[in-house]
$ cat entry37.csv   # CSV, C-alpha atoms
chain,number,residue,atom,x,y,z
S,2,MET,CA,80.0,-55.7,-43.1
S,3,ALA,CA,81.1,-59.3,-43.6
S,4,ALA,CA,83.0,-59.1,-40.3
S,5,ALA,CA,79.9,-57.9,-38.5
S,6,SER,CA,77.8,-60.7,-40.0
S,7,ALA,CA,80.3,-63.3,-39.0
S,8,ARG,CA,80.5,-61.8,-35.5
S,9,SER,CA,76.7,-62.0,-35.2
S,10,GLY,CA,76.5,-65.5,-36.5
S,11,GLY,CA,78.9,-66.9,-33.9
S,12,ARG,CA,77.0,-65.3,-31.0
S,13,THR,CA,73.5,-66.3,-32.1
S,14,ALA,CA,74.7,-69.9,-32.7
S,15,ARG,CA,76.0,-70.0,-29.1
S,16,ALA,CA,72.7,-68.6,-27.8
S,17,GLY,CA,70.9,-71.6,-29.3
S,18,GLY,CA,67.6,-69.6,-29.8
S,19,ASN,CA,64.6,-71.3,-31.4
S,20,SER,CA,62.8,-69.7,-34.2
S,21,SER,CA,59.0,-69.7,-34.1
S,22,ALA,CA,56.5,-69.7,-37.0
S,23,LYS,CA,56.4,-65.9,-37.0
S,24,THR,CA,60.1,-65.2,-36.9
S,25,LYS,CA,63.3,-66.3,-38.7
S,26,ILE,CA,65.7,-64.9,-36.1
S,27,PRO,CA,67.1,-66.6,-33.0
S,28,GLN,CA,65.0,-66.2,-29.8
S,29,GLN,CA,67.2,-65.6,-26.8
S,30,SER,CA,66.4,-65.9,-23.1
S,31,TRP,CA,66.4,-62.5,-21.3
S,32,ARG,CA,68.6,-64.2,-18.6
S,33,ASN,CA,71.4,-64.8,-21.0
S,34,PRO,CA,71.1,-62.9,-24.2
S,35,GLN,CA,74.1,-62.3,-26.5
S,36,PRO,CA,74.7,-59.3,-28.8
S,37,ALA,CA,73.9,-59.2,-32.4
S,38,PRO,CA,73.9,-56.2,-34.9
S,39,ILE,CA,70.2,-55.8,-34.1
S,40,VAL,CA,68.6,-57.0,-30.9
S,41,LEU,CA,64.8,-56.7,-30.5
S,42,VAL,CA,63.7,-56.8,-26.9
S,43,SER,CA,60.0,-57.3,-27.1
S,44,GLY,CA,57.1,-57.8,-24.7
S,45,PRO,CA,55.5,-56.0,-21.7
S,46,GLU,CA,57.5,-57.4,-18.8
S,47,GLU,CA,59.8,-54.5,-18.0
S,48,VAL,CA,61.8,-56.3,-15.2
S,49,CYS,CA,62.9,-59.0,-17.7
S,50,ALA,CA,63.6,-56.4,-20.4
S,51,GLU,CA,65.8,-54.4,-18.2
S,52,ARG,CA,67.7,-57.6,-17.2
S,53,GLY,CA,68.1,-58.6,-20.8
S,54,ILE,CA,69.4,-55.2,-21.9
S,55,GLY,CA,71.7,-55.0,-18.9
S,56,ALA,CA,73.1,-58.5,-19.7
S,57,ILE,CA,73.9,-57.4,-23.3
S,58,ARG,CA,75.7,-54.3,-21.9
S,59,ASP,CA,77.7,-56.4,-19.5
S,60,TYR,CA,78.6,-58.9,-22.3
S,61,LEU,CA,80.0,-56.1,-24.4
S,62,LYS,CA,81.9,-54.4,-21.6
S,63,ALA,CA,83.5,-57.7,-20.7
S,64,GLU,CA,84.7,-58.0,-24.3
S,65,ASP,CA,85.9,-54.4,-24.5
S,66,PRO,CA,85.6,-52.0,-21.5
S,67,SER,CA,85.8,-49.0,-23.9
S,68,VAL,CA,82.4,-49.8,-25.4
S,69,GLU,CA,80.5,-46.5,-26.0
S,70,VAL,CA,76.9,-46.7,-24.7
S,71,THR,CA,74.2,-44.3,-26.0
S,72,ASP,CA,70.5,-44.1,-25.1
S,73,ILE,CA,67.9,-42.5,-27.4
S,74,ARG,CA,64.1,-42.5,-27.5
S,75,ALA,CA,62.2,-43.5,-30.6
S,76,ASP,CA,59.3,-41.3,-29.7
S,77,ASP,CA,61.3,-38.1,-29.2
S,78,TYR,CA,63.7,-38.6,-32.1
S,79,THR,CA,65.9,-36.1,-33.9
S,80,ALA,CA,66.5,-37.0,-37.6
S,81,GLY,CA,70.1,-38.3,-38.2
S,82,THR,CA,70.7,-39.4,-34.6
S,83,LEU,CA,70.8,-43.1,-35.3
S,84,LEU,CA,73.4,-42.9,-38.0
S,85,ALA,CA,75.5,-40.5,-35.9
S,86,VAL,CA,75.6,-42.7,-32.7
S,87,THR,CA,76.3,-45.9,-34.6
S,88,SER,CA,79.0,-44.6,-36.9
S,89,PRO,CA,82.6,-45.6,-36.0
S,90,SER,CA,84.5,-43.2,-33.8
S,91,LEU,CA,88.0,-41.9,-34.3
S,92,PHE,CA,89.4,-44.8,-32.2
S,93,GLY,CA,87.0,-47.5,-33.4
S,94,GLU,CA,85.5,-48.4,-30.0
S,95,PRO,CA,82.5,-50.7,-30.1
S,96,ARG,CA,79.1,-49.0,-29.8
S,97,LEU,CA,76.0,-50.0,-27.9
S,98,VAL,CA,72.9,-48.0,-28.8
S,99,ARG,CA,69.8,-48.6,-26.7
S,100,VAL,CA,66.5,-47.3,-28.1
S,101,ALA,CA,63.4,-47.0,-25.8
S,102,GLY,CA,59.8,-46.3,-26.8
S,103,VAL,CA,59.9,-48.1,-30.2
S,104,GLU,CA,56.1,-48.9,-29.7
S,105,LYS,CA,55.6,-45.1,-29.9
S,106,CYS,CA,58.3,-44.3,-32.5
S,107,SER,CA,58.1,-41.2,-34.6
S,108,ASP,CA,57.9,-41.4,-38.4
S,109,ALA,CA,61.5,-40.1,-38.6
S,110,PHE,CA,62.8,-42.9,-36.4
S,111,LEU,CA,60.8,-45.5,-38.2
S,112,ASP,CA,62.1,-44.5,-41.6
S,113,GLU,CA,65.8,-44.3,-40.5
S,114,ALA,CA,65.6,-47.6,-38.5
S,115,LEU,CA,64.2,-49.4,-41.6
S,116,LYS,CA,67.1,-48.1,-43.6
S,117,TYR,CA,69.7,-48.8,-40.9
S,118,ILE,CA,68.8,-52.5,-40.4
S,119,GLU,CA,69.4,-53.2,-44.1
S,120,ALA,CA,73.1,-52.3,-43.5
S,121,PRO,CA,74.0,-52.2,-39.8
S,122,GLN,CA,77.2,-50.4,-38.9
S,123,GLU,CA,80.2,-52.7,-38.1
S,124,GLY,CA,81.0,-52.8,-34.4
S,125,ALA,CA,77.6,-51.5,-33.4
S,126,THR,CA,74.9,-53.3,-31.4
S,127,LEU,CA,71.5,-51.7,-31.7
S,128,VAL,CA,69.0,-52.7,-29.0
S,129,LEU,CA,65.4,-51.9,-29.7
S,130,ARG,CA,62.9,-52.0,-26.9
S,131,HIS,CA,59.3,-52.5,-27.9
S,132,THR,CA,56.7,-53.2,-25.2
S,133,GLY,CA,54.1,-54.5,-27.6
S,134,ALA,CA,51.6,-52.0,-26.1
S,135,THR,CA,50.7,-50.7,-29.6
S,136,VAL,CA,51.2,-51.9,-33.2
S,137,ARG,CA,53.2,-48.8,-33.9
S,138,GLY,CA,56.5,-49.9,-35.6
S,139,LYS,CA,55.1,-53.2,-36.8
S,140,LYS,CA,56.8,-52.8,-40.2
S,141,LEU,CA,60.1,-52.5,-38.4
S,142,LEU,CA,59.4,-55.5,-36.2
S,143,ASP,CA,58.4,-57.6,-39.2
S,144,ALA,CA,61.6,-56.6,-41.0
S,145,ILE,CA,63.8,-57.6,-38.1
S,146,ARG,CA,62.0,-60.9,-37.6
S,147,SER,CA,62.3,-61.7,-41.2
S,148,GLY,CA,66.1,-61.8,-40.8
S,149,VAL,CA,67.0,-58.4,-42.2
S,150,GLY,CA,70.1,-57.1,-40.5
S,151,GLY,CA,71.2,-60.3,-38.8
S,152,GLY,CA,69.1,-59.7,-35.7
S,153,ALA,CA,68.0,-61.7,-32.6
S,154,GLU,CA,64.9,-61.3,-30.4
S,155,VAL,CA,64.7,-61.4,-26.6
S,156,PRO,CA,61.0,-62.0,-25.7
S,157,CYS,CA,59.8,-60.7,-22.4
S,158,PRO,CA,56.2,-61.9,-22.1
S,159,ALA,CA,54.0,-60.8,-19.2
S,160,ILE,CA,54.4,-62.8,-16.0
S,161,LYS,CA,50.9,-63.2,-14.5
S,162,ARG,CA,50.4,-66.7,-13.3
S,163,ASP,CA,51.4,-67.9,-9.9
S,164,ALA,CA,53.5,-70.6,-11.6
S,165,GLU,CA,55.3,-68.1,-13.7
S,166,ARG,CA,56.1,-65.9,-10.7
S,167,HIS,CA,57.3,-69.0,-8.9
S,168,ASP,CA,59.5,-69.9,-11.8
S,169,PHE,CA,60.8,-66.4,-12.0
S,170,ALA,CA,61.9,-66.3,-8.4
S,171,ALA,CA,63.4,-69.8,-8.6
S,172,GLY,CA,65.4,-68.7,-11.6
S,173,GLU,CA,66.8,-65.7,-9.7
S,174,PHE,CA,68.4,-68.1,-7.2
S,175,LYS,CA,69.4,-70.7,-9.7
S,176,ALA,CA,71.1,-68.0,-11.8
S,177,ALA,CA,73.1,-67.0,-8.7
S,178,GLY,CA,74.0,-70.6,-7.9
S,179,ARG,CA,72.1,-70.5,-4.6
S,180,ALA,CA,69.6,-72.8,-3.1
S,181,ILE,CA,66.2,-71.8,-1.6
S,182,ALA,CA,63.9,-74.1,0.3
S,183,PRO,CA,60.5,-74.8,-1.4
S,184,LYS,CA,58.6,-73.3,1.6
S,185,ALA,CA,60.8,-70.2,1.5
S,186,LEU,CA,60.2,-69.8,-2.2
S,187,GLN,CA,56.4,-70.1,-1.7
S,188,ALA,CA,56.4,-67.6,1.1
S,189,LEU,CA,58.5,-65.1,-1.0
S,190,THR,CA,56.2,-65.3,-4.0
S,191,SER,CA,53.1,-65.0,-1.8
S,192,ALA,CA,54.5,-61.9,-0.2
S,193,PHE,CA,55.1,-60.2,-3.5
S,194,ALA,CA,52.2,-61.7,-5.6
S,195,ASP,CA,51.2,-58.4,-7.1
S,196,ASP,CA,54.5,-56.8,-8.1
S,197,LEU,CA,57.2,-58.5,-10.1
S,198,THR,CA,59.6,-55.6,-9.6
S,199,GLU,CA,59.3,-55.9,-5.8
S,200,LEU,CA,59.7,-59.7,-6.1
S,201,ALA,CA,62.9,-59.3,-8.1
S,202,GLY,CA,64.2,-56.8,-5.6
S,203,ALA,CA,63.4,-59.1,-2.7
S,204,CYS,CA,65.2,-62.0,-4.3
S,205,GLN,CA,68.3,-59.8,-5.0
S,206,GLN,CA,68.3,-58.5,-1.4
S,207,LEU,CA,68.3,-62.0,0.0
S,208,LEU,CA,71.1,-63.0,-2.3
S,209,ALA,CA,73.1,-60.0,-1.3
S,210,ASP,CA,72.5,-60.2,2.5
S,211,VAL,CA,72.3,-63.9,3.3
S,212,ASP,CA,75.1,-66.4,3.2
S,213,GLY,CA,74.3,-70.0,2.4
S,214,ASP,CA,70.8,-71.5,1.6
S,215,ILE,CA,67.7,-69.4,1.8
S,216,THR,CA,65.3,-71.0,4.3
S,217,ALA,CA,61.7,-70.3,5.3
S,218,GLU,CA,62.9,-68.8,8.5
S,219,VAL,CA,65.1,-66.3,6.6
S,220,VAL,CA,62.2,-65.2,4.4
S,221,ALA,CA,60.0,-64.8,7.5
S,222,ARG,CA,62.6,-62.7,9.2
S,223,TYR,CA,63.0,-60.4,6.2
S,224,TYR,CA,59.4,-60.3,4.8
S,225,GLY,CA,57.2,-62.0,7.4
S,226,GLY,CA,55.3,-58.8,8.1
S,227,ARG,CA,54.3,-58.5,4.5
S,228,VAL,CA,53.3,-62.2,4.3
S,229,GLU,CA,51.2,-61.9,7.4
S,230,THR,CA,49.2,-58.9,6.3
S,231,ASN,CA,48.4,-60.3,2.9
S,232,ALA,CA,44.7,-61.4,3.0
S,233,PHE,CA,45.2,-63.7,0.0
S,234,THR,CA,47.9,-65.5,1.9
S,235,VAL,CA,45.4,-66.3,4.7
S,236,ALA,CA,42.9,-67.4,2.1
S,237,ASP,CA,45.4,-69.6,0.2
S,238,THR,CA,46.4,-71.3,3.4
S,239,ALA,CA,42.8,-72.0,4.5
S,240,ILE,CA,41.8,-73.2,1.0
S,241,ALA,CA,44.8,-75.6,1.0
S,242,GLY,CA,43.4,-77.2,4.1
S,243,GLN,CA,46.1,-76.0,6.5
S,244,TYR,CA,43.9,-75.2,9.4
S,245,GLY,CA,46.4,-74.4,12.1
S,246,GLU,CA,48.6,-72.4,9.8
S,247,ALA,CA,45.5,-70.5,8.5
S,248,LEU,CA,44.5,-69.5,12.0
S,249,VAL,CA,48.0,-68.4,12.9
S,250,ALA,CA,48.2,-66.3,9.6
S,251,LEU,CA,44.8,-64.8,10.3
S,252,ARG,CA,45.9,-63.7,13.8
S,253,HIS,CA,49.2,-62.3,12.6
S,254,ALA,CA,47.3,-60.4,9.9
S,255,LEU,CA,44.9,-58.9,12.3
S,256,ALA,CA,47.7,-58.0,14.7
S,257,SER,CA,49.4,-56.2,11.8
S,258,GLY,CA,46.3,-54.1,11.3
S,259,ALA,CA,44.5,-56.0,8.5
S,260,ASP,CA,40.9,-55.0,8.0
S,261,PRO,CA,38.3,-57.8,8.3
S,262,VAL,CA,36.2,-56.6,5.4
S,263,PRO,CA,38.9,-57.0,2.7
S,264,MET,CA,40.0,-60.2,4.4
S,265,VAL,CA,36.5,-61.7,3.7
S,266,ALA,CA,36.5,-60.2,0.2
S,267,ALA,CA,39.8,-62.1,-0.6
S,268,PHE,CA,38.1,-65.4,0.5
S,269,ALA,CA,35.0,-64.6,-1.5
S,270,MET,CA,36.9,-63.8,-4.7
S,271,LYS,CA,38.9,-67.0,-4.6
S,272,MET,CA,35.9,-69.2,-3.7
S,273,ARG,CA,33.8,-67.7,-6.4
S,274,THR,CA,36.5,-68.5,-8.9
S,275,MET,CA,36.7,-72.1,-7.6
S,276,ALA,CA,33.0,-72.6,-7.8
S,277,ARG,CA,32.8,-71.4,-11.4
S,278,VAL,CA,35.6,-73.7,-12.5
S,279,ALA,CA,34.4,-76.8,-10.5
S,280,GLY,CA,32.9,-79.4,-12.8
S,281,GLN,CA,34.1,-77.7,-15.9
S,282,ARG,CA,35.8,-79.9,-18.5
S,283,GLY,CA,38.3,-79.0,-21.2
S,284,SER,CA,41.5,-77.0,-21.5
S,285,SER,CA,42.2,-74.0,-19.3
S,286,ARG,CA,41.9,-71.8,-22.3
S,287,ASP,CA,38.5,-73.3,-23.3
S,288,ILE,CA,37.2,-73.0,-19.7
S,289,ALA,CA,38.4,-69.4,-19.4
S,290,MET,CA,36.6,-68.4,-22.6
S,291,ARG,CA,33.3,-70.1,-21.4
S,292,VAL,CA,33.3,-68.5,-17.9
S,293,GLY,CA,34.9,-65.2,-18.8
S,294,MET,CA,38.2,-65.6,-16.9
S,295,LYS,CA,41.9,-65.6,-17.6
S,296,ASP,CA,43.5,-69.0,-18.2
S,297,TRP,CA,45.9,-68.5,-15.4
S,298,GLN,CA,42.9,-68.0,-13.0
S,299,VAL,CA,41.5,-71.3,-14.2
S,300,ASP,CA,44.8,-73.0,-13.6
S,301,ARG,CA,45.0,-71.6,-10.0
S,302,ALA,CA,41.4,-72.6,-9.3
S,303,ARG,CA,42.0,-76.1,-10.5
S,304,ARG,CA,45.0,-76.5,-8.3
S,305,ASP,CA,43.0,-75.2,-5.3
S,306,LEU,CA,40.1,-77.6,-6.0
S,307,GLN,CA,42.5,-80.6,-6.0
S,308,THR,CA,43.2,-80.0,-2.2
S,309,GLY,CA,40.1,-82.0,-1.1
S,310,TRP,CA,37.1,-79.9,-2.2
S,311,SER,CA,33.7,-81.4,-3.0
S,312,PRO,CA,30.5,-79.7,-4.1
S,313,ARG,CA,29.2,-80.0,-0.6
S,314,SER,CA,32.3,-78.5,1.0
S,315,LEU,CA,32.3,-75.7,-1.6
S,316,GLY,CA,28.7,-74.9,-0.7
S,317,ALA,CA,29.4,-74.8,3.0
S,318,ALA,CA,32.4,-72.6,2.5
S,319,ILE,CA,30.4,-70.1,0.3
S,320,GLN,CA,27.7,-69.9,2.9
S,321,ALA,CA,30.2,-69.3,5.7
S,322,ILE,CA,31.9,-66.5,3.7
S,323,ALA,CA,28.5,-64.9,3.0
S,324,ARG,CA,27.7,-65.0,6.7
S,325,ALA,CA,31.1,-63.6,7.7
S,326,ASP,CA,30.7,-60.8,5.1
S,327,ALA,CA,27.5,-59.6,6.7
S,328,GLU,CA,28.9,-59.9,10.2
S,329,VAL,CA,32.1,-58.0,9.6
S,330,LYS,CA,30.0,-55.2,8.1
S,331,GLY,CA,27.9,-54.7,11.2
S,332,ALA,CA,25.7,-57.7,11.7
S,333,SER,CA,27.7,-59.0,14.6
S,334,ARG,CA,29.5,-57.3,17.5
S,335,ASP,CA,32.4,-59.8,17.2
S,336,PRO,CA,34.0,-59.6,13.7
S,337,ILE,CA,37.1,-61.5,14.8
S,338,PHE,CA,35.0,-64.5,15.8
S,339,ALA,CA,33.2,-64.3,12.5
S,340,LEU,CA,36.6,-64.5,10.7
S,341,GLU,CA,37.8,-67.4,12.7
S,342,ARG,CA,34.6,-69.3,12.1
S,343,MET,CA,34.9,-68.6,8.3
S,344,VAL,CA,38.5,-69.8,8.3
S,345,THR,CA,37.5,-72.9,10.3
S,346,VAL,CA,34.8,-73.9,7.7
S,347,VAL,CA,37.1,-73.3,4.7
S,348,ALA,CA,40.1,-75.0,6.1
S,349,THR,CA,38.4,-78.1,7.6
S,350,ARG,CA,35.9,-78.5,4.7
S,351,ARG,CA,33.0,-78.9,7.1
S,352,PRO,CA,30.3,-76.7,8.6
S,353,PHE,CA,31.3,-74.9,11.8
S,354,GLY,CA,30.7,-77.2,14.9
S,355,ALA,CA,30.1,-80.3,12.8

$ encode --input "entry37.csv" --output "structure tokens"
Amino acid sequence: MAAASARSGGRTARAGGNSSAKTKIPQQSWRNPQPAPIVLVSGPEEVCAERGIGAIRDYLKAEDPSVEVTDIRADDYTAGTLLAVTSPSLFGEPRLVRVAGVEKCSDAFLDEALKYIEAPQEGATLVLRHTGATVRGKKLLDAIRSGVGGGAEVPCPAIKRDAERHDFAAGEFKAAGRAIAPKALQALTSAFADDLTELAGACQQLLADVDGDITAEVVARYYGGRVETNAFTVADTAIAGQYGEALVALRHALASGADPVPMVAAFAMKMRTMARVAGQRGSSRDIAMRVGMKDWQVDRARRDLQTGWSPRSLGAAIQAIARADAEVKGASRDPIFALERMVTVVATRRPFGA
């Protein structure tokens, strides 16, 4: 037992995790976690959790290739399993036990896990995955975070904000020791704005397939079609005041089969958010509570508003979007012209023809 504690202490010290007000155990980055007798992988972001758990496995295998890996589920648990899979084998190989579904754990697992963390088996690393989706297992989490068992925590909070996705993708290339151009990074995160798993996969594909630096041309070659058909990419470009680029993006989107109706809806959604945030004072959290939005939406709207928007130009853009909405739904025989006129008003910040 003393050996296990000493082994854990050395690793957590090297990890340099910071303890928060709610926990007394080291907090480790999911990009570079290190084993401890008990490792709690918490939070809803599954991509980060999988990376963190995989990194712990790789760490143990590098130390001893004979490590024995066992997977069990806390919500479909057979009594006595935890002790059986963590107990030393005949040849004394290290053991890695990965437990999924702790947020849905059975009473049997909860009881045995609470007893186990009080006296972890020497040579065993127990990784507990809790998504935070429910409060089930809170007693176990509280015990681990209080320091029982010599544990460590790998937080995996949700990645929702544009800035967080940008940082995630940048971290993928930094971790691989590769450079990516700012425009390439922006194009990549825009192309996969709705799915972090796909964004992670795209980053890994580029790293595997492309030698040297990742440029905007490389991203366009691999994922240009996806970027072009993303209505929000067209809206973002126009809102940023990039008139020529916005028209090109619009034409590519239409050529790729984009429907004019959701295209206008994307503009309307973003412009409504900007209008609600414009003129508001206070922190993003305070504004979000007042207007009934998420704080990351407020952050994004504030950034958009800083690209040359005024109350007058906002009003003109909202009118142009409303007109385009009617025209693409049948009020005009030329929906393409309606879209181009809307993009012109939004991107140039002035009424059409002025």

$ closest_residue --input "entry37.csv" --among "S:Glu51, S:Ala80, S:Val219, S:Trp310" --to "Gln206 in chain S" --atoms "all atoms listed in the file"
S:Val219

$ atom_distance --input "entry37.csv" --atom1 "CA of Ala153 in chain S" --atom2 "CA of Val40 in chain S"
5.0 Å

$ atom_distance --input "entry37.csv" --atom1 "CA of Ala279 in chain S" --atom2 "CA of Ala267 in chain S"
18.5 Å

$ residues_around --input "entry37.csv" --residues "Thr135 in chain S" --least-positions-apart "5" --cutoff "10 Å" --atoms "all atoms listed in the file" --output "PDB file with C-alpha atoms, in the frame of the given file"
ATOM      1  CA  VAL S 103      59.900 -48.100 -30.200  1.00  0.00           C
ATOM      2  CA  GLU S 104      56.100 -48.900 -29.700  1.00  0.00           C
ATOM      3  CA  LYS S 105      55.600 -45.100 -29.900  1.00  0.00           C
TER       4      LYS S 105
END

$ atom_distance --input "entry37.csv" --atom1 "CA of Asp195 in chain S" --atom2 "CA of Cys157 in chain S"
17.7 Å

$ residues_around --input "entry37.csv" --residues "Ala101 in chain S" --least-positions-apart "3" --cutoff "7 Å" --atoms "only C-alpha atoms" --output "list of chain:residue names"
S:Ile73, S:Arg74, S:Ala75, S:Leu129, S:Arg130

$ residues_near_point --input "entry37.csv" --point "(46.5, -59.7, 2.4)" --cutoff "12 Å" --atoms "all atoms listed in the file" --output "PyMOL selection string"
chain S and resi 191-195+226-238+250-251+253-255+257-268

$ residues_around --input "entry37.csv" --residues "Lys139 in chain S" --least-positions-apart "6" --cutoff "12 Å" --atoms "all atoms listed in the file" --output "compact mmCIF listing (two decimals) with C-alpha atoms, in the coordinates of the input"
# COMPACT_ATOMS: atom_id res chain seq x y z
CA SER S 43 60.00 -57.30 -27.10
CA VAL S 103 59.90 -48.10 -30.20
CA GLU S 104 56.10 -48.90 -29.70
CA LYS S 105 55.60 -45.10 -29.90
CA CYS S 106 58.30 -44.30 -32.50
CA LEU S 111 60.80 -45.50 -38.20
CA LEU S 115 64.20 -49.40 -41.60
CA HIS S 131 59.30 -52.50 -27.90
CA THR S 132 56.70 -53.20 -25.20
CA GLY S 133 54.10 -54.50 -27.60
CA ILE S 145 63.80 -57.60 -38.10
CA ARG S 146 62.00 -60.90 -37.60
CA SER S 147 62.30 -61.70 -41.20

$ closest_residue --input "entry37.csv" --among "S:Arg58, S:Leu97, S:Pro156, S:Ala63" --to "Val42 in chain S" --atoms "all atoms listed in the file"
S:Pro156

$ residues_around --input "entry37.csv" --residues "Glu94 in chain S" --least-positions-apart "2" --cutoff "9 Å" --atoms "only C-alpha atoms" --output "list of chain:residue names"
S:Asp65, S:Ser67, S:Val68, S:Glu69, S:Pro89, S:Ser90, S:Leu91, S:Phe92, S:Arg96, S:Gly124

$ residues_around --input "entry37.csv" --residues "Leu127 in chain S" --least-positions-apart "2" --cutoff "9 Å" --atoms "all atoms listed in the file" --output "PDB file with C-alpha atoms, in the frame of the given file"
ATOM      1  CA  PRO S  36      74.700 -59.300 -28.800  1.00  0.00           C
ATOM      2  CA  ALA S  37      73.900 -59.200 -32.400  1.00  0.00           C
ATOM      3  CA  PRO S  38      73.900 -56.200 -34.900  1.00  0.00           C
ATOM      4  CA  ILE S  39      70.200 -55.800 -34.100  1.00  0.00           C
ATOM      5  CA  VAL S  40      68.600 -57.000 -30.900  1.00  0.00           C
ATOM      6  CA  LEU S  41      64.800 -56.700 -30.500  1.00  0.00           C
ATOM      7  CA  THR S  87      76.300 -45.900 -34.600  1.00  0.00           C
ATOM      8  CA  ARG S  96      79.100 -49.000 -29.800  1.00  0.00           C
ATOM      9  CA  LEU S  97      76.000 -50.000 -27.900  1.00  0.00           C
ATOM     10  CA  VAL S  98      72.900 -48.000 -28.800  1.00  0.00           C
ATOM     11  CA  ARG S  99      69.800 -48.600 -26.700  1.00  0.00           C
ATOM     12  CA  VAL S 100      66.500 -47.300 -28.100  1.00  0.00           C
ATOM     13  CA  PRO S 121      74.000 -52.200 -39.800  1.00  0.00           C
ATOM     14  CA  ALA S 125      77.600 -51.500 -33.400  1.00  0.00           C
ATOM     15  CA  LEU S 129      65.400 -51.900 -29.700  1.00  0.00           C
TER      16      LEU S 129
END

$ closest_residue --input "entry37.csv" --among "S:Thr349, S:Tyr60, S:Ala134, S:Asn33" --to "Gln243 in chain S" --atoms "only C-alpha atoms"
S:Thr349

$ closest_residue --input "entry37.csv" --among "S:Lys271, S:Lys116, S:Lys62, S:Arg32" --to "Pro95 in chain S" --atoms "only C-alpha atoms"
S:Lys62

$ closest_residue --input "entry37.csv" --among "S:Ile57, S:Leu186, S:Val149, S:Val344" --to "Ala164 in chain S" --atoms "all atoms listed in the file"
S:Leu186

$ residues_near_point --input "entry37.csv" --point "(29.1, -66.6, 3.0)" --cutoff "12 Å" --atoms "all atoms listed in the file" --output "ChimeraX atom specification"
/S:265-266,268-270,272-273,315-329,339-340,342-344,346-347,352

$ closest_residue --input "entry37.csv" --among "S:Cys204, S:Lys295, S:Leu248, S:Leu142" --to "Phe338 in chain S" --atoms "all atoms listed in the file"
S:Leu248
